[in-house]
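Here is the file work.txt (compact mmCIF, C-alpha atoms and all ligand atoms).
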# COMPACT_ATOMS: atom_id res chain seq x y z
CA MET A 1 83.55 -7.68 -99.50
CA ASN A 2 80.93 -6.06 -101.70
CA LYS A 3 77.46 -5.86 -100.24
CA ILE A 4 75.15 -8.60 -101.53
CA ASN A 5 72.94 -7.45 -104.36
CA SER A 6 69.73 -8.64 -102.67
CA LYS A 7 67.43 -10.92 -104.63
CA LEU A 8 64.59 -9.84 -102.35
CA PRO A 9 65.32 -6.16 -101.62
CA ASP A 10 61.80 -5.35 -100.47
CA VAL A 11 61.32 -8.31 -98.17
CA GLY A 12 61.74 -8.09 -94.39
CA THR A 13 61.20 -10.67 -91.65
CA THR A 14 58.00 -12.71 -92.00
CA ILE A 15 55.07 -11.41 -89.95
CA PHE A 16 54.74 -14.81 -88.24
CA THR A 17 58.15 -14.45 -86.64
CA ILE A 18 57.54 -10.80 -85.78
CA MET A 19 54.21 -11.44 -84.03
CA SER A 20 55.37 -14.60 -82.24
CA GLN A 21 58.41 -12.74 -80.94
CA LEU A 22 56.24 -9.83 -79.80
CA ALA A 23 53.85 -12.28 -78.13
CA THR A 24 56.76 -13.82 -76.19
CA GLU A 25 58.14 -10.40 -75.18
CA HIS A 26 54.77 -9.29 -73.83
CA ASN A 27 53.71 -12.65 -72.46
CA ALA A 28 50.66 -12.50 -74.74
CA VAL A 29 48.37 -15.34 -75.79
CA ASN A 30 49.57 -16.19 -79.28
CA LEU A 31 46.63 -16.45 -81.70
CA GLY A 32 48.91 -15.08 -84.43
CA GLN A 33 51.19 -17.67 -85.99
CA GLY A 34 49.26 -20.76 -87.06
CA PHE A 35 50.21 -23.71 -84.91
CA PRO A 36 48.21 -25.89 -82.53
CA ASP A 37 48.96 -25.71 -78.79
CA PHE A 38 47.34 -29.07 -78.09
CA PRO A 39 49.38 -32.28 -78.19
CA MET A 40 49.77 -34.42 -81.28
CA ASP A 41 48.83 -38.12 -81.31
CA SER A 42 51.11 -40.05 -78.95
CA GLN A 43 50.80 -43.16 -81.11
CA LEU A 44 52.54 -41.31 -83.94
CA ILE A 45 55.27 -40.18 -81.55
CA ASP A 46 55.73 -43.83 -80.50
CA LEU A 47 56.02 -44.85 -84.15
CA VAL A 48 58.80 -42.29 -84.71
CA SER A 49 60.60 -43.58 -81.67
CA LYS A 50 60.18 -47.16 -82.97
CA ALA A 51 61.60 -46.11 -86.35
CA LEU A 52 64.58 -44.39 -84.71
CA LYS A 53 65.34 -47.44 -82.59
CA SER A 54 64.90 -49.80 -85.55
CA GLY A 55 67.69 -48.01 -87.39
CA PHE A 56 65.81 -45.88 -89.91
CA ASN A 57 68.42 -43.17 -89.55
CA GLN A 58 70.04 -42.99 -92.98
CA TYR A 59 68.89 -41.36 -96.22
CA VAL A 60 65.71 -42.71 -97.73
CA HIS A 61 65.01 -42.54 -101.45
CA MET A 62 65.37 -39.08 -103.00
CA SER A 63 61.64 -39.02 -103.85
CA GLY A 64 60.59 -40.21 -100.39
CA TYR A 65 60.28 -43.49 -98.49
CA LEU A 66 58.47 -45.73 -100.97
CA PRO A 67 55.96 -47.28 -98.52
CA LEU A 68 54.95 -43.73 -97.55
CA ARG A 69 54.43 -42.73 -101.18
CA GLU A 70 52.38 -45.90 -101.70
CA LYS A 71 50.17 -45.06 -98.73
CA ILE A 72 49.72 -41.49 -100.00
CA ALA A 73 48.67 -42.86 -103.40
CA GLU A 74 46.10 -45.13 -101.71
CA LYS A 75 44.80 -42.24 -99.64
CA VAL A 76 44.29 -39.85 -102.55
CA ASN A 77 42.67 -42.61 -104.55
CA LYS A 78 40.17 -43.25 -101.80
CA LEU A 79 39.50 -39.59 -101.01
CA TYR A 80 39.61 -37.97 -104.44
CA GLY A 81 39.40 -40.87 -106.91
CA ALA A 82 42.85 -39.95 -108.24
CA THR A 83 45.04 -42.58 -109.84
CA VAL A 84 48.55 -41.49 -108.94
CA ASN A 85 51.72 -43.52 -109.47
CA PRO A 86 53.76 -43.42 -106.24
CA ASP A 87 56.96 -44.07 -108.20
CA THR A 88 56.64 -41.21 -110.62
CA GLN A 89 54.08 -38.71 -109.36
CA ILE A 90 54.69 -38.19 -105.63
CA THR A 91 57.70 -36.54 -104.00
CA VAL A 92 58.03 -36.18 -100.24
CA THR A 93 59.36 -32.74 -99.27
CA PRO A 94 60.54 -30.94 -96.13
CA GLY A 95 57.17 -29.21 -95.69
CA GLY A 96 54.52 -27.65 -97.88
CA THR A 97 56.37 -24.34 -98.26
CA TYR A 98 59.34 -26.13 -99.78
CA ALA A 99 57.05 -28.02 -102.18
CA ILE A 100 55.56 -24.70 -103.35
CA TYR A 101 58.99 -23.10 -103.77
CA THR A 102 60.28 -26.12 -105.69
CA ALA A 103 57.28 -26.16 -108.02
CA LEU A 104 57.72 -22.45 -108.83
CA THR A 105 61.45 -22.91 -109.37
CA THR A 106 60.74 -25.88 -111.65
CA VAL A 107 58.38 -23.99 -113.90
CA LEU A 108 59.30 -20.30 -113.96
CA GLN A 109 61.54 -18.56 -116.45
CA PRO A 110 62.37 -14.86 -116.01
CA GLY A 111 59.45 -12.72 -117.18
CA ASP A 112 56.78 -15.39 -116.70
CA GLU A 113 53.57 -14.13 -115.15
CA VAL A 114 51.92 -15.84 -112.20
CA ILE A 115 48.37 -15.09 -111.08
CA VAL A 116 48.26 -14.64 -107.31
CA PHE A 117 45.09 -14.04 -105.34
CA GLU A 118 45.37 -11.64 -102.45
CA PRO A 119 45.38 -11.87 -99.51
CA ALA A 120 48.11 -14.42 -100.28
CA TYR A 121 50.16 -16.63 -97.97
CA ASP A 122 53.36 -14.72 -97.40
CA SER A 123 55.81 -17.05 -99.14
CA TYR A 124 54.13 -17.00 -102.56
CA VAL A 125 55.24 -13.65 -103.93
CA PRO A 126 58.89 -13.85 -102.75
CA ASN A 127 59.01 -17.36 -104.28
CA ILE A 128 57.85 -15.94 -107.61
CA LEU A 129 60.21 -12.96 -107.49
CA ILE A 130 63.30 -14.97 -106.61
CA ASN A 131 62.68 -16.99 -109.77
CA GLY A 132 62.41 -13.88 -111.95
CA GLY A 133 58.65 -14.27 -112.30
CA ILE A 134 56.12 -11.44 -112.31
CA PRO A 135 53.24 -11.65 -109.85
CA VAL A 136 49.90 -10.59 -111.33
CA TYR A 137 47.74 -9.62 -108.38
CA ILE A 138 44.01 -10.18 -108.10
CA SER A 139 42.11 -9.28 -104.92
CA LEU A 140 39.63 -11.81 -103.59
CA LYS A 141 36.18 -10.24 -103.11
CA TYR A 142 35.74 -8.79 -99.64
CA PRO A 143 34.18 -9.97 -97.33
CA ASP A 144 33.66 -13.57 -98.51
CA TYR A 145 37.01 -13.67 -100.31
CA SER A 146 35.70 -15.47 -103.38
CA ILE A 147 37.59 -15.42 -106.69
CA PRO A 148 36.49 -12.78 -109.26
CA TRP A 149 36.74 -15.08 -112.28
CA ASP A 150 35.96 -12.37 -114.84
CA GLU A 151 39.00 -10.46 -113.65
CA VAL A 152 41.08 -13.64 -113.88
CA LYS A 153 40.02 -14.07 -117.51
CA SER A 154 40.93 -10.47 -118.25
CA LYS A 155 44.41 -10.86 -116.76
CA ILE A 156 45.45 -13.95 -118.71
CA THR A 157 48.15 -13.08 -121.26
CA PRO A 158 50.48 -15.15 -123.47
CA LYS A 159 52.99 -14.83 -120.62
CA THR A 160 50.74 -16.38 -117.95
CA LYS A 161 52.66 -19.43 -116.76
CA MET A 162 50.83 -20.33 -113.59
CA ILE A 163 47.77 -19.72 -111.43
CA MET A 164 48.21 -20.17 -107.67
CA ILE A 165 45.25 -21.66 -105.82
CA ASN A 166 44.94 -22.13 -102.05
CA THR A 167 41.93 -23.98 -100.64
CA PRO A 168 41.07 -23.94 -97.73
CA HIS A 169 42.59 -20.51 -97.76
CA ASN A 170 45.08 -18.86 -95.43
CA PRO A 171 44.40 -16.25 -94.01
CA THR A 172 40.66 -16.02 -94.79
CA GLY A 173 39.30 -19.56 -94.32
CA SER A 174 37.45 -19.34 -97.66
CA VAL A 175 37.13 -22.55 -99.69
CA LEU A 176 36.63 -23.22 -103.39
CA GLN A 177 33.26 -24.50 -104.60
CA GLU A 178 32.66 -26.82 -107.54
CA SER A 179 31.57 -23.78 -109.57
CA ASP A 180 35.04 -22.27 -109.04
CA ILE A 181 36.61 -25.42 -110.45
CA GLN A 182 34.43 -25.18 -113.54
CA GLN A 183 35.61 -21.61 -114.10
CA LEU A 184 39.23 -22.62 -113.61
CA ARG A 185 38.85 -25.48 -116.09
CA GLU A 186 37.37 -23.17 -118.68
CA ILE A 187 40.22 -20.69 -118.30
CA VAL A 188 43.13 -23.13 -118.53
CA LYS A 189 41.63 -25.39 -121.22
CA ASP A 190 43.74 -25.27 -124.42
CA THR A 191 46.50 -23.24 -122.68
CA ASN A 192 49.92 -24.14 -121.28
CA ILE A 193 49.09 -22.65 -117.89
CA TYR A 194 50.19 -24.63 -114.83
CA ILE A 195 48.35 -24.64 -111.53
CA LEU A 196 50.02 -24.51 -108.14
CA SER A 197 47.46 -25.82 -105.70
CA ASP A 198 48.27 -25.29 -102.04
CA GLU A 199 46.07 -27.79 -100.22
CA VAL A 200 47.88 -27.99 -96.89
CA TYR A 201 44.52 -27.52 -95.10
CA GLU A 202 42.74 -30.26 -97.11
CA HIS A 203 41.32 -31.90 -93.96
CA LEU A 204 40.61 -28.69 -92.08
CA ILE A 205 37.34 -27.99 -93.87
CA PHE A 206 34.01 -27.36 -92.16
CA ASP A 207 30.25 -27.21 -92.65
CA ASN A 208 30.17 -30.47 -94.68
CA ILE A 209 31.79 -28.76 -97.66
CA PRO A 210 33.79 -31.24 -99.77
CA HIS A 211 37.41 -30.27 -100.38
CA GLN A 212 37.85 -29.34 -104.05
CA SER A 213 41.24 -30.92 -104.61
CA MET A 214 42.82 -30.62 -108.05
CA LEU A 215 43.32 -34.36 -107.65
CA ARG A 216 39.61 -34.91 -108.31
CA TYR A 217 39.96 -33.59 -111.85
CA PRO A 218 42.32 -35.44 -114.24
CA ASP A 219 42.33 -32.51 -116.69
CA LEU A 220 43.53 -30.20 -113.90
CA LEU A 221 45.91 -32.69 -112.28
CA GLU A 222 47.84 -33.03 -115.55
CA ARG A 223 48.86 -29.35 -115.25
CA SER A 224 49.03 -29.06 -111.44
CA PHE A 225 51.54 -29.23 -108.64
CA VAL A 226 49.41 -30.14 -105.62
CA CYS A 227 51.13 -29.42 -102.30
CA PHE A 228 50.39 -30.92 -98.88
CA SER A 229 51.76 -30.75 -95.32
CA PHE A 230 51.82 -33.47 -92.66
CA GLY A 231 52.45 -30.69 -90.14
CA LYS A 232 48.85 -29.56 -90.59
CA THR A 233 47.34 -33.04 -90.80
CA TYR A 234 48.99 -34.42 -87.67
CA HIS A 235 49.30 -31.29 -85.47
CA CYS A 236 53.09 -31.24 -85.75
CA THR A 237 53.99 -28.08 -87.69
CA GLY A 238 57.57 -28.33 -86.41
CA TRP A 239 58.16 -31.59 -88.26
CA LYS A 240 58.28 -29.80 -91.62
CA LEU A 241 57.25 -32.73 -93.77
CA GLY A 242 54.94 -32.63 -96.77
CA TYR A 243 54.66 -33.78 -100.35
CA CYS A 244 53.87 -32.73 -103.87
CA ILE A 245 51.79 -34.61 -106.45
CA SER A 246 51.92 -33.82 -110.16
CA ALA A 247 51.85 -35.42 -113.59
CA GLU A 248 54.80 -37.68 -114.46
CA ASP A 249 56.56 -35.36 -116.88
CA THR A 250 56.36 -32.36 -114.57
CA MET A 251 57.48 -34.45 -111.60
CA VAL A 252 60.64 -35.41 -113.51
CA GLU A 253 61.56 -31.71 -113.61
CA PHE A 254 60.42 -31.06 -110.02
CA ARG A 255 62.77 -33.82 -108.83
CA LYS A 256 65.69 -32.31 -110.74
CA VAL A 257 65.34 -29.22 -108.56
CA HIS A 258 64.58 -31.13 -105.37
CA GLN A 259 67.53 -33.54 -105.64
CA PHE A 260 70.06 -30.73 -105.45
CA ASN A 261 68.29 -28.88 -102.70
CA SER A 262 67.28 -31.11 -99.79
CA PHE A 263 67.74 -34.37 -101.78
CA SER A 264 65.69 -36.38 -99.26
CA CYS A 265 63.75 -35.77 -96.06
CA ASN A 266 63.78 -36.92 -92.47
CA SER A 267 63.69 -40.76 -92.52
CA PRO A 268 62.21 -41.86 -89.16
CA MET A 269 59.22 -39.54 -89.52
CA GLN A 270 58.47 -40.84 -93.00
CA VAL A 271 58.61 -44.41 -91.74
CA ALA A 272 56.29 -43.55 -88.85
CA ILE A 273 53.76 -41.69 -90.99
CA ALA A 274 53.73 -44.53 -93.56
CA GLU A 275 52.42 -46.77 -90.78
CA PHE A 276 50.16 -44.18 -89.17
CA LEU A 277 48.34 -43.38 -92.42
CA GLN A 278 46.38 -46.61 -92.00
CA TYR A 279 44.39 -44.90 -89.20
CA GLU A 280 42.03 -42.98 -91.45
CA GLU A 281 40.04 -41.59 -88.55
CA ALA A 282 43.06 -39.49 -87.53
CA TYR A 283 42.64 -37.28 -90.59
CA LEU A 284 38.97 -37.86 -91.36
CA SER A 285 37.95 -36.52 -87.93
CA LEU A 286 40.00 -33.33 -88.27
CA GLY A 287 37.37 -31.17 -89.95
CA HIS A 288 34.85 -31.89 -87.22
CA PHE A 289 37.44 -31.34 -84.49
CA LEU A 290 38.55 -27.94 -85.83
CA GLN A 291 35.00 -26.88 -86.72
CA HIS A 292 34.13 -27.34 -83.08
CA LYS A 293 37.02 -25.03 -82.16
CA ARG A 294 35.94 -22.43 -84.72
CA ASP A 295 32.39 -22.49 -83.36
CA TYR A 296 33.54 -22.26 -79.76
CA PHE A 297 35.84 -19.35 -80.57
CA GLN A 298 33.08 -17.54 -82.48
CA GLN A 299 30.74 -17.99 -79.54
CA LEU A 300 33.33 -16.59 -77.11
CA MET A 301 34.11 -13.67 -79.41
CA LYS A 302 30.46 -12.57 -79.29
CA ASN A 303 31.47 -11.02 -75.93
CA THR A 304 33.73 -8.62 -77.83
CA PRO A 305 32.80 -5.97 -80.40
CA PHE A 306 34.79 -7.68 -83.22
CA LYS A 307 32.70 -8.91 -86.17
CA ALA A 308 33.34 -12.40 -87.53
CA LEU A 309 33.91 -12.84 -91.26
CA PRO A 310 33.00 -16.22 -92.79
CA SER A 311 35.54 -19.04 -92.30
CA HIS A 312 34.86 -22.51 -93.71
CA GLY A 313 38.30 -24.04 -93.31
CA SER A 314 41.95 -23.74 -92.18
CA TYR A 315 43.13 -22.75 -88.69
CA PHE A 316 41.97 -19.19 -89.14
CA GLN A 317 39.13 -16.77 -88.66
CA GLY A 318 39.10 -13.16 -89.81
CA TYR A 319 37.55 -10.52 -87.54
CA SER A 320 36.65 -7.02 -88.66
CA TYR A 321 37.15 -4.05 -86.36
CA GLU A 322 35.47 -1.60 -88.73
CA GLY A 323 33.99 1.27 -86.74
CA LEU A 324 35.94 0.37 -83.61
CA SER A 325 39.29 1.97 -84.37
CA ASP A 326 40.91 4.11 -87.04
CA GLU A 327 44.29 2.43 -86.55
CA SER A 328 45.85 0.41 -89.33
CA ASP A 329 45.43 -3.33 -88.81
CA ARG A 330 49.19 -3.61 -88.23
CA ASP A 331 49.15 -0.95 -85.52
CA LEU A 332 46.14 -2.52 -83.90
CA ALA A 333 47.69 -6.01 -83.95
CA ILE A 334 50.77 -4.61 -82.21
CA ARG A 335 48.69 -2.67 -79.66
CA LEU A 336 46.49 -5.68 -78.88
CA THR A 337 49.61 -7.70 -78.19
CA LYS A 338 51.21 -5.08 -75.98
CA GLU A 339 48.18 -3.69 -74.17
CA TYR A 340 45.67 -6.56 -74.17
CA GLY A 341 48.05 -9.52 -74.26
CA VAL A 342 46.64 -11.16 -77.41
CA ALA A 343 48.68 -11.60 -80.59
CA THR A 344 46.97 -11.79 -84.00
CA ILE A 345 48.05 -11.28 -87.62
CA PRO A 346 46.96 -8.20 -89.63
CA PHE A 347 45.45 -9.13 -93.01
CA SER A 348 47.19 -6.25 -94.80
CA VAL A 349 50.55 -8.07 -94.73
CA PHE A 350 49.10 -10.55 -97.21
CA TYR A 351 48.64 -7.82 -99.87
CA HIS A 352 51.49 -6.35 -101.94
CA ASP A 353 49.99 -2.86 -101.49
CA ASN A 354 49.01 -3.46 -97.85
CA THR A 355 45.28 -3.21 -98.56
CA ASP A 356 43.73 -2.64 -95.17
CA ASN A 357 40.10 -3.69 -94.77
CA LYS A 358 40.49 -3.53 -90.98
CA VAL A 359 40.63 -7.28 -90.48
CA LEU A 360 42.75 -9.33 -88.08
CA ARG A 361 43.47 -13.05 -88.39
CA PHE A 362 42.94 -15.19 -85.29
CA CYS A 363 44.23 -18.77 -85.08
CA PHE A 364 41.64 -20.91 -83.27
CA ALA A 365 43.66 -24.18 -83.39
CA LYS A 366 44.16 -23.90 -79.65
CA LYS A 367 43.05 -25.55 -76.42
CA ALA A 368 39.69 -24.28 -75.11
CA ALA A 369 41.50 -22.72 -72.13
CA THR A 370 43.79 -20.74 -74.47
CA LEU A 371 40.86 -19.40 -76.48
CA GLU A 372 38.99 -18.50 -73.28
CA LYS A 373 42.01 -16.70 -71.86
CA ALA A 374 42.51 -14.70 -75.08
CA VAL A 375 38.88 -13.64 -75.41
CA ASP A 376 38.73 -12.71 -71.75
CA LYS A 377 41.57 -10.27 -72.36
CA LEU A 378 39.76 -8.76 -75.36
CA LYS A 379 36.45 -8.17 -73.59
CA THR A 380 37.24 -4.61 -72.60
CA PHE A 381 38.34 -3.63 -76.11
CA GLY A 382 36.36 -0.69 -77.48
CA LYS A 383 34.87 0.14 -74.06
N1 LIG B 401 50.70 -22.99 -97.29
C1 LIG B 401 49.93 -22.38 -96.39
C2 LIG B 401 48.76 -21.61 -96.87
C3 LIG B 401 50.23 -22.46 -95.03
O1 LIG B 401 49.48 -21.84 -94.15
C4 LIG B 401 51.35 -23.21 -94.64
C5 LIG B 401 51.65 -23.30 -93.18
N2 LIG B 401 52.89 -22.88 -92.83
C6 LIG B 401 52.11 -23.84 -95.62
C7 LIG B 401 51.77 -23.69 -96.95
C8 LIG B 401 53.36 -24.63 -95.37
O2 LIG B 401 53.33 -25.67 -94.53
P1 LIG B 401 54.70 -26.31 -94.00
O3 LIG B 401 54.81 -25.87 -92.58
O4 LIG B 401 54.48 -27.77 -94.17
O5 LIG B 401 55.81 -25.79 -94.83
N1 LIG B 402 51.37 -21.21 -91.82
C1 LIG B 402 51.46 -20.60 -90.54
C2 LIG B 402 50.64 -19.34 -90.53
O1 LIG B 402 50.09 -18.94 -91.52
C3 LIG B 402 52.84 -20.25 -90.07
C4 LIG B 402 53.95 -20.48 -91.00
C5 LIG B 402 55.20 -19.76 -90.63
O2 LIG B 402 55.40 -19.37 -89.50
N2 LIG B 402 56.03 -19.57 -91.59
O3 LIG B 402 50.54 -18.70 -89.53
Any chance you could put this one into structure tokens?
Amino acid sequence: MNKINSKLPDVGTTIFTIMSQLATEHNAVNLGQGFPDFPMDSQLIDLVSKALKSGFNQYVHMSGYLPLREKIAEKVNKLYGATVNPDTQITVTPGGTYAIYTALTTVLQPGDEVIVFEPAYDSYVPNILINGGIPVYISLKYPDYSIPWDEVKSKITPKTKMIMINTPHNPTGSVLQESDIQQLREIVKDTNIYILSDEVYEHLIFDNIPHQSMLRYPDLLERSFVCFSFGKTYHCTGWKLGYCISAEDTMVEFRKVHQFNSFSCNSPMQVAIAEFLQYEEAYLSLGHFLQHKRDYFQQLMKNTPFKALPSHGSYFQGYSYEGLSDESDRDLAIRLTKEYGVATIPFSVFYHDNTDNKVLRFCFAKKAATLEKAVDKLKTFGK
């Protein structure tokens, strides 16, 4: 057999797998990969079990279980004032990552340019490349990681097909403001540019900041693929269930790709979530719940020499170690895992050129005892 001509020759194993594996090997507290270590709602587990026992074990509709899509439409109407047709504008997907991949595959032709802000979630660029697209990189402004809109304007060309937005942002925890939306609107007005909006952390937003969903703005929604994840909303990242919302005509094309990939998604979980979505408090209380964890973690980390960068959303908090070590962030993340027993994620992996501002990402979506244990281990760092 000839060797495969790799479609992703420069891509290795994702950092999340690498750091989680290293954490296991060294029995370290895992504040690297983003997943909660506290239990999910038992009522939702009971609803899945009810669905399994009631026989919801065969394929549901290719676009998703209709009652679930109807509930999603009600939810986004209430939260964002969006009028979305559950029949034609919502597709349930096996996770948010899949929704993003499908949207890029739907839209991109070889040679199309996609604006990507760095640091960028690690699936974005490989998803662009595998579709023959060209990533056009723009660095968010350190240390608040805001978008440099003038640079965005200067990088728009006739080949710009898409702009990728992620709010709340992984890995930085930055969030878009209304002023950002105004800039985005100005830039895309009278163009054929699509927007990929990764909003998997929509409910994990703090400090009373409203989530700037593309769904709030009809002129943006008509050109957007807005991607969500139930894994993040219901503390069950292993379920791999999410959805995409877009305009009708773009959703027709999205479904053409989706139907020959996964076709449909896990039935009993869709049935269960369709019922569980009526309990609004479960998602409306999330921001407050996670904000409390962020604040507790920040307070604990004051006993270490690391310096907190701003985080207003997501599971994550960046910490600078400027002045504490000359190591690269990757080397330090590995050493902290091996020698201190705490796994983190180095920010540089989210840049194509490995820009290293000496920042590590910590996941604070953990039980208080886990956060305490981790910080206790870090106390002697730098001493
Ligand atoms: N986008 C971002 C920014 C994420 O952090 C995640 C979490 N993995 C996803 C998308 C995808 O979520 P899912 O696990 O539902 O694929
Ligand atoms: N989204 C999670 C993170 O950023 C993990 C996703 C993954 O492991 N692929 O850590």
Can you list every residue of chain A that has an atom at most 8 Å from ligand LIG 402 (chain B), with its nearest atom pair and the distance in Å to one decimal, using only C-alpha atoms and all ligand atoms, ordered by chain then number, as a Markdown table?
| residue | atom | partner | partner_atom | distance |
| --- | --- | --- | --- | --- |
| A:Thr14 | CA | B:LIG402 | N2 | 7.1 |
| A:Ile15 | CA | B:LIG402 | O2 | 8.0 |
| A:Phe16 | CA | B:LIG402 | O2 | 4.8 |
| A:Thr17 | CA | B:LIG402 | O2 | 6.3 |
| A:Gly32 | CA | B:LIG402 | O3 | 6.5 |
| A:Gln33 | CA | B:LIG402 | O3 | 3.7 |
| A:Gly34 | CA | B:LIG402 | O3 | 3.5 |
| A:Phe35 | CA | B:LIG402 | C1 | 6.6 |
| A:Tyr121 | CA | B:LIG402 | O1 | 6.9 |
| A:Asp122 | CA | B:LIG402 | O1 | 7.9 |
| A:Ser123 | CA | B:LIG402 | N2 | 8.0 |
| A:Asn170 | CA | B:LIG402 | O1 | 6.4 |
| A:Pro171 | CA | B:LIG402 | O1 | 6.8 |
| A:Cys363 | CA | B:LIG402 | O3 | 7.7 |
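Residues in contact with A:Val342 at 8 Å, where all atoms listed in the file are counted and same-chain residues fewer than 6 positions away are skipped, are listed as Ala23, Ala28, Val29, Asn30, Leu31, Leu336, Ala374, Lys377 and Leu378 of chain A.
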Would you save the residues from that selection as an mmCIF file, in the frame of the given file, using C-alpha atoms?
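Output contents, as saved in part-v9.cif:
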data_model
loop_
_atom_site.group_PDB
_atom_site.id
_atom_site.type_symbol
_atom_site.label_atom_id
_atom_site.label_comp_id
_atom_site.auth_asym_id
_atom_site.auth_seq_id
_atom_site.Cartn_x
_atom_site.Cartn_y
_atom_site.Cartn_z
ATOM 1 C CA ALA A 23 53.850 -12.280 -78.130
ATOM 2 C CA ALA A 28 50.660 -12.500 -74.740
ATOM 3 C CA VAL A 29 48.370 -15.340 -75.790
ATOM 4 C CA ASN A 30 49.570 -16.190 -79.280
ATOM 5 C CA LEU A 31 46.630 -16.450 -81.700
ATOM 6 C CA LEU A 336 46.490 -5.680 -78.880
ATOM 7 C CA ALA A 374 42.510 -14.700 -75.080
ATOM 8 C CA LYS A 377 41.570 -10.270 -72.360
ATOM 9 C CA LEU A 378 39.760 -8.760 -75.360
#
Hey, which residues sit close to ligand LIG 401 (chain B)? Say within 9 Å, counting only C-alpha atoms and all ligand atoms, and write them as number ranges by chain.
A: 33-35, 93-100, 120-124, 166-171, 198-201, 227-232, 236-243, 314-315
Any idea what's packed within 10 Å of A:Val136, counting only C-alpha atoms, ignoring anything in its chain fewer than 6 positions away? Could you give it as a VMD selection string?
chain A and resid 112 to 117 125 152 155 to 156 160 163
Residues as selected, C-alpha atoms, written as a short mmCIF file (atom, residue, chain, number, x, y, z; two decimals), in the coordinates of the input, can you do that?
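Dumped to selection_31.cif:
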data_model
loop_
_atom_site.label_atom_id
_atom_site.label_comp_id
_atom_site.auth_asym_id
_atom_site.auth_seq_id
_atom_site.Cartn_x
_atom_site.Cartn_y
_atom_site.Cartn_z
CA ASP A 112 56.78 -15.39 -116.70
CA GLU A 113 53.57 -14.13 -115.15
CA VAL A 114 51.92 -15.84 -112.20
CA ILE A 115 48.37 -15.09 -111.08
CA VAL A 116 48.26 -14.64 -107.31
CA PHE A 117 45.09 -14.04 -105.34
CA VAL A 125 55.24 -13.65 -103.93
CA VAL A 152 41.08 -13.64 -113.88
CA LYS A 155 44.41 -10.86 -116.76
CA ILE A 156 45.45 -13.95 -118.71
CA THR A 160 50.74 -16.38 -117.95
CA ILE A 163 47.77 -19.72 -111.43
#
Counting only C-alpha atoms, select every polymer residue within 12 Å of (45.6, -43.4, -88.7) as defined in the file's coordinates, and provide the selection as a list in words.
Asp41, Ser42, Gln43, Leu44, Leu47, Lys71, Lys75, Thr233, Tyr234, Ala272, Ile273, Ala274, Glu275, Phe276, Leu277, Gln278, Tyr279, Glu280, Glu281, Ala282, Tyr283, Leu284, Ser285 and Leu286 of chain A
Let me see the file: selected residues, C-alpha atoms, as an mmCIF file, in the coordinates of the input.
data_model
loop_
_atom_site.group_PDB
_atom_site.id
_atom_site.type_symbol
_atom_site.label_atom_id
_atom_site.label_comp_id
_atom_site.auth_asym_id
_atom_site.auth_seq_id
_atom_site.Cartn_x
_atom_site.Cartn_y
_atom_site.Cartn_z
ATOM 1 C CA ASP A 41 48.830 -38.120 -81.310
ATOM 2 C CA SER A 42 51.110 -40.050 -78.950
ATOM 3 C CA GLN A 43 50.800 -43.160 -81.110
ATOM 4 C CA LEU A 44 52.540 -41.310 -83.940
ATOM 5 C CA LEU A 47 56.020 -44.850 -84.150
ATOM 6 C CA LYS A 71 50.170 -45.060 -98.730
ATOM 7 C CA LYS A 75 44.800 -42.240 -99.640
ATOM 8 C CA THR A 233 47.340 -33.040 -90.800
ATOM 9 C CA TYR A 234 48.990 -34.420 -87.670
ATOM 10 C CA ALA A 272 56.290 -43.550 -88.850
ATOM 11 C CA ILE A 273 53.760 -41.690 -90.990
ATOM 12 C CA ALA A 274 53.730 -44.530 -93.560
ATOM 13 C CA GLU A 275 52.420 -46.770 -90.780
ATOM 14 C CA PHE A 276 50.160 -44.180 -89.170
ATOM 15 C CA LEU A 277 48.340 -43.380 -92.420
ATOM 16 C CA GLN A 278 46.380 -46.610 -92.000
ATOM 17 C CA TYR A 279 44.390 -44.900 -89.200
ATOM 18 C CA GLU A 280 42.030 -42.980 -91.450
ATOM 19 C CA GLU A 281 40.040 -41.590 -88.550
ATOM 20 C CA ALA A 282 43.060 -39.490 -87.530
ATOM 21 C CA TYR A 283 42.640 -37.280 -90.590
ATOM 22 C CA LEU A 284 38.970 -37.860 -91.360
ATOM 23 C CA SER A 285 37.950 -36.520 -87.930
ATOM 24 C CA LEU A 286 40.000 -33.330 -88.270
#
Hey, which of A:Asp331, A:Ala308, A:Phe56, A:Pro126 ends up closest to A:Gly12? Count all atoms listed in the file.
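Nearest to A:Gly12: A:Pro126.
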For A:Ser246: contacts at 8 Å, only C-alpha atoms, fewer than 3 positions along chain excluded, given as a ChimeraX atom specification
/A:89-90,221-226,250-251
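Closest approach to A:Ile72 among A:Leu309, A:Gly318, A:Asp207, A:Cys244: A:Cys244, based on only C-alpha atoms.
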Tell me which protein, DNA and RNA residues are within 10 Å of stretch 296-307 of chain A, counting only C-alpha atoms, leaving out same-chain ones fewer than 4 positions away, and put them as number ranges by chain.
A: 290-292, 317-324, 359-360, 362-366, 368, 371-372, 374-383
Need the shell around A:Gln177: protein/DNA/RNA residues with any atom at most 10 Å away, counting all atoms listed in the file. Skip same-chain ones fewer than 4 positions apart. Format as a list in words?
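Surrounding residues, per the criterion: Ser146, Thr167, Ile181, Gln182, Ile209, Pro210, His211 and Gln212 of chain A.
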For those residues, write C-alpha atoms to a file as a short mmCIF file (atom, residue, chain, number, x, y, z; two decimals), in the frame of the given file.
data_model
loop_
_atom_site.label_atom_id
_atom_site.label_comp_id
_atom_site.auth_asym_id
_atom_site.auth_seq_id
_atom_site.Cartn_x
_atom_site.Cartn_y
_atom_site.Cartn_z
CA SER A 146 35.70 -15.47 -103.38
CA THR A 167 41.93 -23.98 -100.64
CA ILE A 181 36.61 -25.42 -110.45
CA GLN A 182 34.43 -25.18 -113.54
CA ILE A 209 31.79 -28.76 -97.66
CA PRO A 210 33.79 -31.24 -99.77
CA HIS A 211 37.41 -30.27 -100.38
CA GLN A 212 37.85 -29.34 -104.05
#
